[in-house]
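Visitor: My structure file structure31.cif, mmCIF, C-alpha atoms, is below:
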```cif
data_work
#
loop_
_atom_site.label_atom_id
_atom_site.label_comp_id
_atom_site.auth_asym_id
_atom_site.auth_seq_id
_atom_site.Cartn_x
_atom_site.Cartn_y
_atom_site.Cartn_z
CA LEU A 1 12.68 -13.32 12.76
CA ILE A 2 12.79 -10.21 14.95
CA GLN A 3 15.89 -8.09 15.30
CA LYS A 4 17.25 -7.38 18.77
CA SER A 5 16.26 -3.99 20.17
CA ILE A 6 18.27 -2.20 22.86
CA LEU A 7 15.64 0.49 23.51
CA ARG A 8 12.53 -1.60 24.17
CA ASP A 9 11.12 -5.10 23.91
CA ALA A 10 10.61 -6.06 20.28
CA VAL A 11 7.58 -8.27 21.09
CA THR A 12 5.24 -8.77 24.04
CA ASP A 13 4.01 -11.94 25.70
CA LEU A 14 0.52 -11.33 24.36
CA SER A 15 1.73 -11.08 20.75
CA LEU A 16 3.79 -14.25 21.16
CA HIS A 17 0.69 -16.01 22.52
CA PHE A 18 -1.43 -15.16 19.48
CA LEU A 19 1.40 -16.01 17.06
CA ALA A 20 1.82 -19.41 18.75
CA LYS A 21 -1.94 -20.06 18.39
CA MET A 22 -1.58 -19.38 14.66
CA LYS A 23 1.41 -21.78 14.55
CA ILE A 24 3.84 -19.05 13.58
CA LEU A 25 7.40 -19.55 14.82
CA VAL A 26 8.98 -16.41 16.29
CA VAL A 27 12.74 -16.09 16.73
CA LYS A 28 13.58 -12.89 18.60
CA ASP A 29 16.70 -11.01 19.71
CA ILE A 30 18.57 -11.59 16.45
CA GLU A 31 21.64 -9.45 15.85
CA ARG A 32 21.65 -7.04 12.92
CA ASP A 33 24.49 -8.87 11.14
CA ASP A 34 22.58 -12.14 11.43
CA VAL A 35 19.45 -10.52 9.98
CA GLU A 36 21.39 -9.35 6.91
CA PHE A 37 22.98 -12.80 6.53
CA ILE A 38 19.63 -14.59 6.69
CA CYS A 39 18.07 -12.17 4.20
CA LYS A 40 20.89 -12.78 1.71
CA THR A 41 20.56 -16.54 2.15
CA CYS A 42 16.78 -16.91 1.99
CA GLY A 43 16.14 -14.16 -0.54
CA CYS A 44 13.85 -12.16 1.75
CA LEU A 45 13.83 -8.47 2.63
CA PRO A 46 13.76 -6.91 6.12
CA ILE A 47 10.78 -4.74 7.03
CA ALA A 48 10.49 -2.01 9.65
CA ASN A 49 6.70 -1.86 9.85
CA ILE A 50 3.94 -4.43 9.54
CA ASP A 51 2.20 -2.17 7.01
CA THR A 52 4.98 -2.89 4.50
CA PHE A 53 4.70 -6.66 4.95
CA HIS A 54 4.05 -7.85 1.36
CA PRO A 55 4.36 -11.34 -0.23
CA GLU A 56 7.22 -10.30 -2.52
CA LYS A 57 9.37 -9.59 0.54
CA LEU A 58 9.05 -13.11 1.91
CA GLY A 59 11.64 -15.85 1.67
CA ARG A 60 11.01 -19.56 1.19
CA ALA A 61 12.31 -22.69 2.92
CA ASP A 62 11.14 -26.30 3.11
CA LEU A 63 11.67 -26.71 6.85
CA VAL A 64 12.34 -24.44 9.84
CA GLN A 65 12.79 -26.33 13.10
CA GLU A 66 14.25 -25.92 16.56
CA VAL A 67 16.99 -28.47 17.22
CA SER A 68 18.52 -29.28 20.62
CA THR A 69 22.32 -29.44 20.86
CA GLY A 70 24.79 -30.02 23.65
CA ASP A 71 25.06 -26.28 24.38
CA GLY A 72 21.39 -25.37 23.94
CA LYS A 73 18.90 -24.99 21.13
CA ILE A 74 19.34 -23.69 17.60
CA VAL A 75 16.91 -22.87 14.79
CA ARG A 76 17.79 -24.75 11.61
CA VAL A 77 16.54 -23.56 8.22
CA THR A 78 16.83 -26.13 5.41
CA GLY A 79 15.60 -26.52 1.86
CA VAL A 80 16.13 -22.94 0.70
CA PRO A 81 15.58 -22.74 -3.09
CA ASN A 82 18.09 -20.63 -5.00
CA ALA A 83 20.11 -19.94 -1.86
CA GLY A 84 22.15 -16.75 -1.93
CA LYS A 85 25.94 -16.60 -2.10
CA THR A 86 26.49 -17.10 1.62
CA VAL A 87 28.31 -19.74 3.61
CA THR A 88 28.64 -20.64 7.28
CA ILE A 89 31.99 -21.81 8.69
CA LEU A 90 32.00 -23.67 12.02
CA CYS A 91 35.24 -23.36 14.01
CA LYS A 92 36.10 -25.90 16.72
CA ALA A 93 39.01 -25.70 19.12
CA SER A 94 40.23 -27.13 22.41
CA ASN A 95 39.77 -23.85 24.32
CA GLN A 96 38.44 -20.32 23.85
CA LEU A 97 41.89 -18.82 23.23
CA VAL A 98 42.58 -21.07 20.24
CA LEU A 99 39.05 -20.49 18.97
CA ASP A 100 39.45 -16.71 19.09
CA GLU A 101 42.79 -16.95 17.29
CA SER A 102 41.30 -19.10 14.52
CA GLU A 103 38.47 -16.59 14.15
CA ARG A 104 40.96 -13.71 13.83
CA SER A 105 43.01 -15.65 11.27
CA LEU A 106 39.90 -16.39 9.24
CA HIS A 107 38.86 -12.74 9.40
CA ASP A 108 42.31 -11.61 8.19
CA ALA A 109 42.14 -14.06 5.27
CA LEU A 110 38.70 -12.75 4.27
CA CYS A 111 39.99 -9.17 4.46
CA VAL A 112 42.82 -10.08 2.07
CA LEU A 113 40.30 -11.50 -0.40
CA ARG A 114 38.17 -8.38 -0.02
CA CYS A 115 41.16 -6.17 -0.82
CA LEU A 116 41.96 -8.23 -3.91
CA VAL A 117 38.37 -8.01 -5.12
CA LYS A 118 38.28 -4.22 -4.72
CA LYS A 119 41.72 -3.64 -6.30
CA ARG A 120 43.28 -6.56 -8.13
CA PHE A 121 46.96 -5.79 -7.69
CA LEU A 122 49.64 -7.42 -5.55
CA THR A 123 52.82 -5.84 -4.23
CA PRO A 124 55.89 -7.36 -2.55
CA GLY A 125 55.87 -7.40 1.24
CA GLY A 126 58.69 -7.16 3.76
CA GLY A 127 58.73 -3.35 3.76
CA ALA A 128 59.74 -3.20 0.09
CA PRO A 129 57.01 -0.77 -1.10
CA GLU A 130 57.60 1.63 1.80
CA MET A 131 61.35 1.65 1.24
CA ARG A 132 60.83 2.22 -2.49
CA ILE A 133 58.53 5.16 -1.77
CA SER A 134 61.09 6.56 0.64
CA TYR A 135 63.89 6.23 -1.92
CA GLU A 136 61.93 7.87 -4.74
CA LEU A 137 60.77 10.71 -2.50
CA SER A 138 64.35 11.33 -1.34
CA LYS A 139 65.47 11.62 -4.97
CA TRP A 140 62.61 14.02 -5.65
CA ALA A 141 63.47 16.10 -2.57
CA ASP A 142 66.98 16.69 -3.97
CA THR A 143 65.42 18.50 -6.94
CA LEU A 144 63.28 20.81 -4.79
CA LEU A 145 64.17 24.01 -2.95
CA GLY A 146 63.17 25.58 0.33
CA MET A 147 60.34 24.34 2.51
CA HIS A 148 59.05 21.85 -0.09
CA SER A 149 62.33 19.96 0.03
CA TYR A 150 62.18 19.63 3.83
CA CYS A 151 58.56 18.41 3.73
CA VAL A 152 59.18 15.78 1.08
CA ARG A 153 62.34 14.56 2.81
CA ALA A 154 60.50 14.27 6.15
CA PHE A 155 57.78 12.24 4.44
CA ALA A 156 60.44 9.97 2.94
CA GLU A 157 62.07 9.43 6.35
CA ALA A 158 58.69 8.63 7.88
CA MET A 159 58.14 5.84 5.35
CA GLU A 160 61.25 4.07 6.67
CA VAL A 161 59.49 3.53 9.99
CA VAL A 162 57.61 0.55 8.52
CA PRO A 163 60.67 -1.58 7.58
CA TYR A 164 62.45 -0.38 10.75
CA THR A 165 59.56 -1.60 12.93
CA LEU A 166 59.34 -4.85 10.97
CA ALA A 167 63.03 -5.53 11.59
CA GLU A 168 62.69 -4.73 15.30
CA ASN A 169 59.69 -7.05 15.71
CA ALA A 170 61.64 -9.83 14.00
CA GLY A 171 64.49 -9.44 16.51
CA LEU A 172 66.95 -8.16 13.92
CA ASP A 173 69.42 -5.29 14.02
CA ALA A 174 67.03 -2.65 12.67
CA ILE A 175 69.66 -0.05 11.75
CA GLN A 176 71.81 -2.53 9.84
CA VAL A 177 68.86 -4.18 8.05
CA VAL A 178 67.23 -0.89 7.03
CA THR A 179 70.57 0.47 5.79
CA GLU A 180 71.13 -2.63 3.67
CA LEU A 181 67.55 -2.44 2.38
CA ARG A 182 68.04 1.20 1.41
CA ASN A 183 71.26 0.37 -0.46
CA ARG A 184 69.61 -2.52 -2.30
CA HIS A 185 66.80 -0.23 -3.49
CA ALA A 186 69.31 2.42 -4.50
CA ALA A 187 70.99 -0.27 -6.62
CA GLY A 188 67.67 -0.85 -8.45
CA GLU A 189 66.39 -3.96 -6.63
CA MET A 190 62.74 -2.95 -6.31
CA ALA A 191 61.65 -6.32 -4.89
CA ALA A 192 64.19 -6.31 -2.05
CA GLY A 193 62.50 -6.75 1.32
CA ILE A 194 63.09 -7.99 4.85
CA ASN A 195 62.95 -11.78 5.02
CA VAL A 196 61.87 -12.48 8.59
CA ARG A 197 62.45 -16.23 8.33
CA LYS A 198 66.02 -15.96 7.08
CA GLY A 199 66.79 -12.82 9.06
CA LYS A 200 68.19 -10.85 6.14
CA VAL A 201 67.26 -8.79 3.07
CA THR A 202 66.31 -10.91 0.06
CA ASN A 203 64.22 -10.75 -3.09
CA ILE A 204 60.87 -10.97 -1.40
CA LEU A 205 59.01 -11.95 -4.57
CA GLU A 206 61.00 -15.18 -4.77
CA GLU A 207 59.77 -15.98 -1.24
CA ASN A 208 56.14 -15.49 -2.39
CA VAL A 209 55.54 -12.79 0.22
CA LEU A 210 52.82 -10.67 -1.39
CA VAL A 211 50.49 -8.01 -0.02
CA PRO A 212 47.38 -6.54 -1.70
CA LEU A 213 48.00 -3.07 -3.07
CA LEU A 214 44.93 -1.71 -1.26
CA VAL A 215 46.58 -2.44 2.09
CA HIS A 216 49.55 -0.17 1.31
CA THR A 217 47.55 2.61 -0.32
CA SER A 218 45.02 2.69 2.52
CA ALA A 219 47.73 2.77 5.20
CA VAL A 220 49.65 5.59 3.50
CA SER A 221 46.56 7.68 2.75
CA LEU A 222 45.08 7.28 6.24
CA ALA A 223 48.40 8.09 7.95
CA THR A 224 48.82 11.16 5.74
CA GLU A 225 45.31 12.39 6.50
CA CYS A 226 45.97 11.91 10.23
CA VAL A 227 49.14 14.00 10.09
CA ARG A 228 47.39 16.72 8.07
CA LEU A 229 44.61 16.79 10.66
CA ILE A 230 47.11 17.20 13.50
CA LEU A 231 49.00 19.97 11.67
CA LYS A 232 45.75 21.92 11.28
CA ILE A 233 45.37 22.17 15.07
CA ASP A 234 46.39 25.66 16.19
CA ASP A 235 45.93 25.23 19.92
CA VAL A 236 44.64 22.79 22.51
CA VAL A 237 42.13 23.86 25.17
CA ILE A 238 42.23 21.68 28.29
CA THR A 239 38.83 21.33 29.98
CA ARG A 240 37.88 19.67 33.24
#
```
Give the structure from the file, written as structure tokens.
Guide:
Amino acid sequence: LIQKSILRDAVTDLSLHFLAKMKILVVKDIERDDVEFICKTCGCLPIANIDTFHPEKLGRADLVQEVSTGDGKIVRVTGVPNAGKTVTILCKASNQLVLDESERSLHDALCVLRCLVKKRFLTPGGGAPEMRISYELSKWADTLLGMHSYCVRAFAEAMEVVPYTLAENAGLDAIQVVTELRNRHAAGEMAAGINVRKGKVTNILEENVLVPLLVHTSAVSLATECVRLILKIDDVVITR
């Protein structure tokens, strides 16, 4: 298996000729992600130079064959002992648009699982965490003086953009919904969120609308770092 190279040809016709005479199957132009997947499955290790080609880096399989399909030819590897923790999912659809959408949905689901593995906490959705952060920061801003109070209050107002945008995308009256959501959190309802299906503010935990904690923390931290980076810019030089 030879990884695809964008700078030069990975193999030559002469090398393929001698490998074929030795009955060695060569599969070239393999993407990097596919190389890592095959290595995890077969238990082998990638090598960058033939000098480091040692027996302990080899994988094992009972059969490797080229199979013809309706769309072309594929290389099938079967009989891998102690196969790694990998799996292949085949998606079929009536057209390319539906197939791309199913691939995106599957990718989003895998990202949710990845977030839960890295940080095993769930939070209510529907803009509830952002509104709670905004409410708590507003209370804290009332206890501060001077410039610090303005900064904290501006941060709190910025957090309300998330539920406001969610209400707008759902076709709701954003001002009315966000105002009601703010009042519900001020009354102590921490799980109050925007219920898109019912078009109103409800206890979002009872609707089983949950979001991994890592999604919220990453969004807030990345947005904050972006704003800090912009504030550090003193001037802009336009070049042509």
Visitor: Which residue gives the smallest distance to Val162 of chain A among A:Gly79, A:Gly127, A:Gly199, A:Gly188, with all atoms listed in the file counted?
Guide: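 Using all atoms listed in the file, Val162 of chain A sits closest to A:Gly127.
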Visitor: Just want the 12 Å neighbourhood of Val75 of chain A, counted on all atoms listed in the file, with same-chain residues fewer than 5 positions away dropped. Output as JSON, numbers by chain.
Guide: {"A": [1, 25, 26, 27, 28, 30, 38, 63, 64, 65, 66, 67, 68, 69]}
Visitor: Save the residues we just selected, C-alpha atoms, as a compact mmCIF listing (two decimals), in the frame of the given file?
Guide:
```
# COMPACT_ATOMS: atom_id res chain seq x y z
CA LEU A 1 12.68 -13.32 12.76
CA LEU A 25 7.40 -19.55 14.82
CA VAL A 26 8.98 -16.41 16.29
CA VAL A 27 12.74 -16.09 16.73
CA LYS A 28 13.58 -12.89 18.60
CA ILE A 30 18.57 -11.59 16.45
CA ILE A 38 19.63 -14.59 6.69
CA LEU A 63 11.67 -26.71 6.85
CA VAL A 64 12.34 -24.44 9.84
CA GLN A 65 12.79 -26.33 13.10
CA GLU A 66 14.25 -25.92 16.56
CA VAL A 67 16.99 -28.47 17.22
CA SER A 68 18.52 -29.28 20.62
CA THR A 69 22.32 -29.44 20.86
```
Visitor: Hey, what's within 9 Å of Ile175 of chain A if we count all atoms listed in the file and toss same-chain stuff fewer than 5 positions away? As a short mmCIF file (atom, residue, chain, number, x, y, z; two decimals) with C-alpha atoms, in the coordinates of the input, please?
Guide:
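And here's out.cif as it stands now:
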```cif
data_model
loop_
_atom_site.label_atom_id
_atom_site.label_comp_id
_atom_site.auth_asym_id
_atom_site.auth_seq_id
_atom_site.Cartn_x
_atom_site.Cartn_y
_atom_site.Cartn_z
CA TYR A 164 62.45 -0.38 10.75
CA ALA A 167 63.03 -5.53 11.59
CA GLU A 180 71.13 -2.63 3.67
#
```
Visitor: If you measure from atom CA of His216 of chain A to atom CA of Arg184 of chain A, what distance in Å do you get, rounded to one decimal?
Guide: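 Computing it gives 20.5 Å between the two atoms.
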Visitor: What does the distance between atom CA of Val178 of chain A and atom CA of Leu122 of chain A come to in Å, to one decimal place?
Guide: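 Answer for the atom CA of Val178 of chain A to atom CA of Leu122 of chain A separation: 22.6 Å.
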Visitor: Need to verify the contact set: segment 88-92 of chain A, 8 Å, only C-alpha atoms, exclusion of same-chain residues closer than 4 positions in sequence. Can you return it as a count of residues only?
Guide: 3
Visitor: Selection in question (the file shown): the PyMOL selection byres ((chain A and resi 54-57) around 7). Which residues does it include, as a PDB file with C-alpha atoms, keeping the file's coordinate frame?
Guide:
```pdb
ATOM      1  CA  CYS A  44      13.850 -12.160   1.750  1.00  0.00           C
ATOM      2  CA  LEU A  45      13.830  -8.470   2.630  1.00  0.00           C
ATOM      3  CA  THR A  52       4.980  -2.890   4.500  1.00  0.00           C
ATOM      4  CA  PHE A  53       4.700  -6.660   4.950  1.00  0.00           C
ATOM      5  CA  LEU A  58       9.050 -13.110   1.910  1.00  0.00           C
ATOM      6  CA  GLY A  59      11.640 -15.850   1.670  1.00  0.00           C
TER       7      GLY A  59
END
```
Visitor: As a check of understanding, name the residues that the PyMOL selection byres ((chain A and resi 206-215) around 6) selects in the supplied structure, as a list in words.
Guide: Cys115, Phe121, Leu122, Thr123, Pro124, Gly125, Asn203, Ile204, Leu205, His216, Thr217 and Ser218 of chain A
Visitor: Name all residues at most 12 Å from Val177 of chain A (count all atoms listed in the file; drop same-chain ones fewer than 2 positions away) and give them as an NGL selection string.
Guide: :A and (126-127 or 131 or 160 or 163-168 or 170-175 or 179-184 or 192-196 or 199-202)
Visitor: Using the selection just defined, write its residues with C-alpha atoms as a CSV table (one decimal), in the frame of the given file.
Guide:
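What ended up in part06.csv:
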```csv
chain,number,residue,atom,x,y,z
A,126,GLY,CA,58.7,-7.2,3.8
A,127,GLY,CA,58.7,-3.4,3.8
A,131,MET,CA,61.4,1.6,1.2
A,160,GLU,CA,61.2,4.1,6.7
A,163,PRO,CA,60.7,-1.6,7.6
A,164,TYR,CA,62.4,-0.4,10.8
A,165,THR,CA,59.6,-1.6,12.9
A,166,LEU,CA,59.3,-4.8,11.0
A,167,ALA,CA,63.0,-5.5,11.6
A,168,GLU,CA,62.7,-4.7,15.3
A,170,ALA,CA,61.6,-9.8,14.0
A,171,GLY,CA,64.5,-9.4,16.5
A,172,LEU,CA,67.0,-8.2,13.9
A,173,ASP,CA,69.4,-5.3,14.0
A,174,ALA,CA,67.0,-2.6,12.7
A,175,ILE,CA,69.7,0.0,11.8
A,179,THR,CA,70.6,0.5,5.8
A,180,GLU,CA,71.1,-2.6,3.7
A,181,LEU,CA,67.6,-2.4,2.4
A,182,ARG,CA,68.0,1.2,1.4
A,183,ASN,CA,71.3,0.4,-0.5
A,184,ARG,CA,69.6,-2.5,-2.3
A,192,ALA,CA,64.2,-6.3,-2.0
A,193,GLY,CA,62.5,-6.8,1.3
A,194,ILE,CA,63.1,-8.0,4.8
A,195,ASN,CA,63.0,-11.8,5.0
A,196,VAL,CA,61.9,-12.5,8.6
A,199,GLY,CA,66.8,-12.8,9.1
A,200,LYS,CA,68.2,-10.8,6.1
A,201,VAL,CA,67.3,-8.8,3.1
A,202,THR,CA,66.3,-10.9,0.1
```
Visitor: Would you pick out the contacts of Ser138 of chain A at 8 Å or less, using all atoms listed in the file, so that residues sharing its chain but fewer than 2 positions from it are not included, and give the list as a PyMOL selection string?
Guide: chain A and resi 134-136+140-142+152-153+156
Visitor: Calculated over all atoms listed in the file, which of the candidates A:Val11, A:Ala61, A:Ile2, A:Ile133 has the smallest distance to Pro46 of chain A?
Guide: A:Ile2
Visitor: Please, what distance in Å, to one decimal, runs between atom CA of Ala154 of chain A and atom CA of Glu189 of chain A?
Guide: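 Spanning atom CA of Ala154 of chain A to atom CA of Glu189 of chain A is a straight-line distance of 23.0 Å.
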Visitor: Once you add 3 Å to each side, what are the centre and edge lengths of the axis-aligned box holding all listed atoms of segment 179-194 of chain A? One decimal in Å, as JSON, if you can.
Guide:
```
{"center_x": 66.5, "center_y": -2.8, "center_z": -1.3, "size_x": 15.6, "size_y": 16.4, "size_z": 20.2}
```
Visitor: Which residue gives the smallest distance to Val87 of chain A among A:Cys42, A:Leu116, A:Met147, A:Ala186, with only C-alpha atoms counted?
Guide: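 For Val87 of chain A, the nearest of the given residues is A:Cys42.
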Visitor: Complete segment 177-188 of chain A at the level of all heavy atoms, written as a CSV table (one decimal), in the coordinates of the input.
Guide:
```csv
chain,number,residue,atom,x,y,z
A,177,VAL,N,69.8,-3.6,9.1
A,177,VAL,CA,68.9,-4.2,8.0
A,177,VAL,C,68.3,-3.1,7.2
A,177,VAL,O,68.2,-3.2,5.9
A,177,VAL,CB,67.7,-5.0,8.7
A,177,VAL,CG1,66.7,-5.4,7.7
A,177,VAL,CG2,68.3,-6.2,9.4
A,178,VAL,N,67.8,-2.0,7.8
A,178,VAL,CA,67.2,-0.9,7.0
A,178,VAL,C,68.3,-0.2,6.1
A,178,VAL,O,68.0,0.1,5.0
A,178,VAL,CB,66.6,0.1,8.0
A,178,VAL,CG1,66.1,1.4,7.2
A,178,VAL,CG2,65.4,-0.5,8.7
A,179,THR,N,69.5,-0.1,6.6
A,179,THR,CA,70.6,0.5,5.8
A,179,THR,C,70.8,-0.4,4.6
A,179,THR,O,71.0,0.1,3.4
A,179,THR,CB,71.8,0.6,6.6
A,179,THR,OG1,71.6,1.5,7.7
A,179,THR,CG2,72.9,1.3,5.8
A,180,GLU,N,70.9,-1.7,4.8
A,180,GLU,CA,71.1,-2.6,3.7
A,180,GLU,C,70.0,-2.6,2.7
A,180,GLU,O,70.1,-2.6,1.5
A,180,GLU,CB,71.3,-4.1,4.2
A,180,GLU,CG,71.6,-5.1,3.1
A,180,GLU,CD,71.7,-6.5,3.6
A,180,GLU,OE1,71.6,-6.7,4.8
A,180,GLU,OE2,71.8,-7.4,2.8
A,181,LEU,N,68.7,-2.5,3.2
A,181,LEU,CA,67.6,-2.4,2.4
A,181,LEU,C,67.6,-1.2,1.6
A,181,LEU,O,67.2,-1.2,0.4
A,181,LEU,CB,66.3,-2.5,3.2
A,181,LEU,CG,64.9,-2.5,2.5
A,181,LEU,CD1,64.8,-3.7,1.6
A,181,LEU,CD2,63.8,-2.5,3.5
A,182,ARG,N,68.0,-0.1,2.1
A,182,ARG,CA,68.0,1.2,1.4
A,182,ARG,C,69.1,1.1,0.3
A,182,ARG,O,68.8,1.6,-0.8
A,182,ARG,CB,68.4,2.3,2.4
A,182,ARG,CG,68.3,3.7,1.7
A,182,ARG,CD,68.8,4.8,2.7
A,182,ARG,NE,68.1,4.8,3.9
A,182,ARG,CZ,68.7,4.5,5.1
A,182,ARG,NH1,70.0,4.2,5.2
A,182,ARG,NH2,68.0,4.6,6.2
A,183,ASN,N,70.2,0.5,0.6
A,183,ASN,CA,71.3,0.4,-0.5
A,183,ASN,C,70.8,-0.5,-1.6
A,183,ASN,O,71.1,-0.3,-2.8
A,183,ASN,CB,72.5,-0.2,0.2
A,183,ASN,CG,73.2,0.8,1.2
A,183,ASN,OD1,72.9,2.0,1.0
A,183,ASN,ND2,73.9,0.3,2.1
A,184,ARG,N,70.1,-1.6,-1.3
A,184,ARG,CA,69.6,-2.5,-2.3
A,184,ARG,C,68.6,-1.8,-3.2
A,184,ARG,O,68.6,-2.0,-4.4
A,184,ARG,CB,69.0,-3.7,-1.7
A,184,ARG,CG,69.9,-4.6,-0.8
A,184,ARG,CD,70.7,-5.5,-1.7
A,184,ARG,NE,69.9,-6.6,-2.2
A,184,ARG,CZ,69.7,-7.8,-1.6
A,184,ARG,NH1,70.3,-8.0,-0.4
A,184,ARG,NH2,69.0,-8.7,-2.1
A,185,HIS,N,67.8,-1.0,-2.7
A,185,HIS,CA,66.8,-0.2,-3.5
A,185,HIS,C,67.5,0.8,-4.3
A,185,HIS,O,67.1,1.1,-5.4
A,185,HIS,CB,65.7,0.4,-2.6
A,185,HIS,CG,64.6,-0.6,-2.3
A,185,HIS,ND1,63.4,-0.7,-3.0
A,185,HIS,CD2,64.5,-1.5,-1.3
A,185,HIS,CE1,62.6,-1.6,-2.5
A,185,HIS,NE2,63.2,-2.1,-1.5
A,186,ALA,N,68.5,1.4,-3.7
A,186,ALA,CA,69.3,2.4,-4.5
A,186,ALA,C,70.0,1.8,-5.7
A,186,ALA,O,70.3,2.4,-6.7
A,186,ALA,CB,70.3,3.1,-3.6
A,187,ALA,N,70.3,0.5,-5.5
A,187,ALA,CA,71.0,-0.3,-6.6
A,187,ALA,C,70.0,-0.8,-7.7
A,187,ALA,O,70.4,-1.4,-8.6
A,187,ALA,CB,71.8,-1.5,-6.0
A,188,GLY,N,68.7,-0.5,-7.5
A,188,GLY,CA,67.7,-0.8,-8.4
A,188,GLY,C,66.9,-2.1,-8.2
A,188,GLY,O,66.1,-2.6,-9.0
```
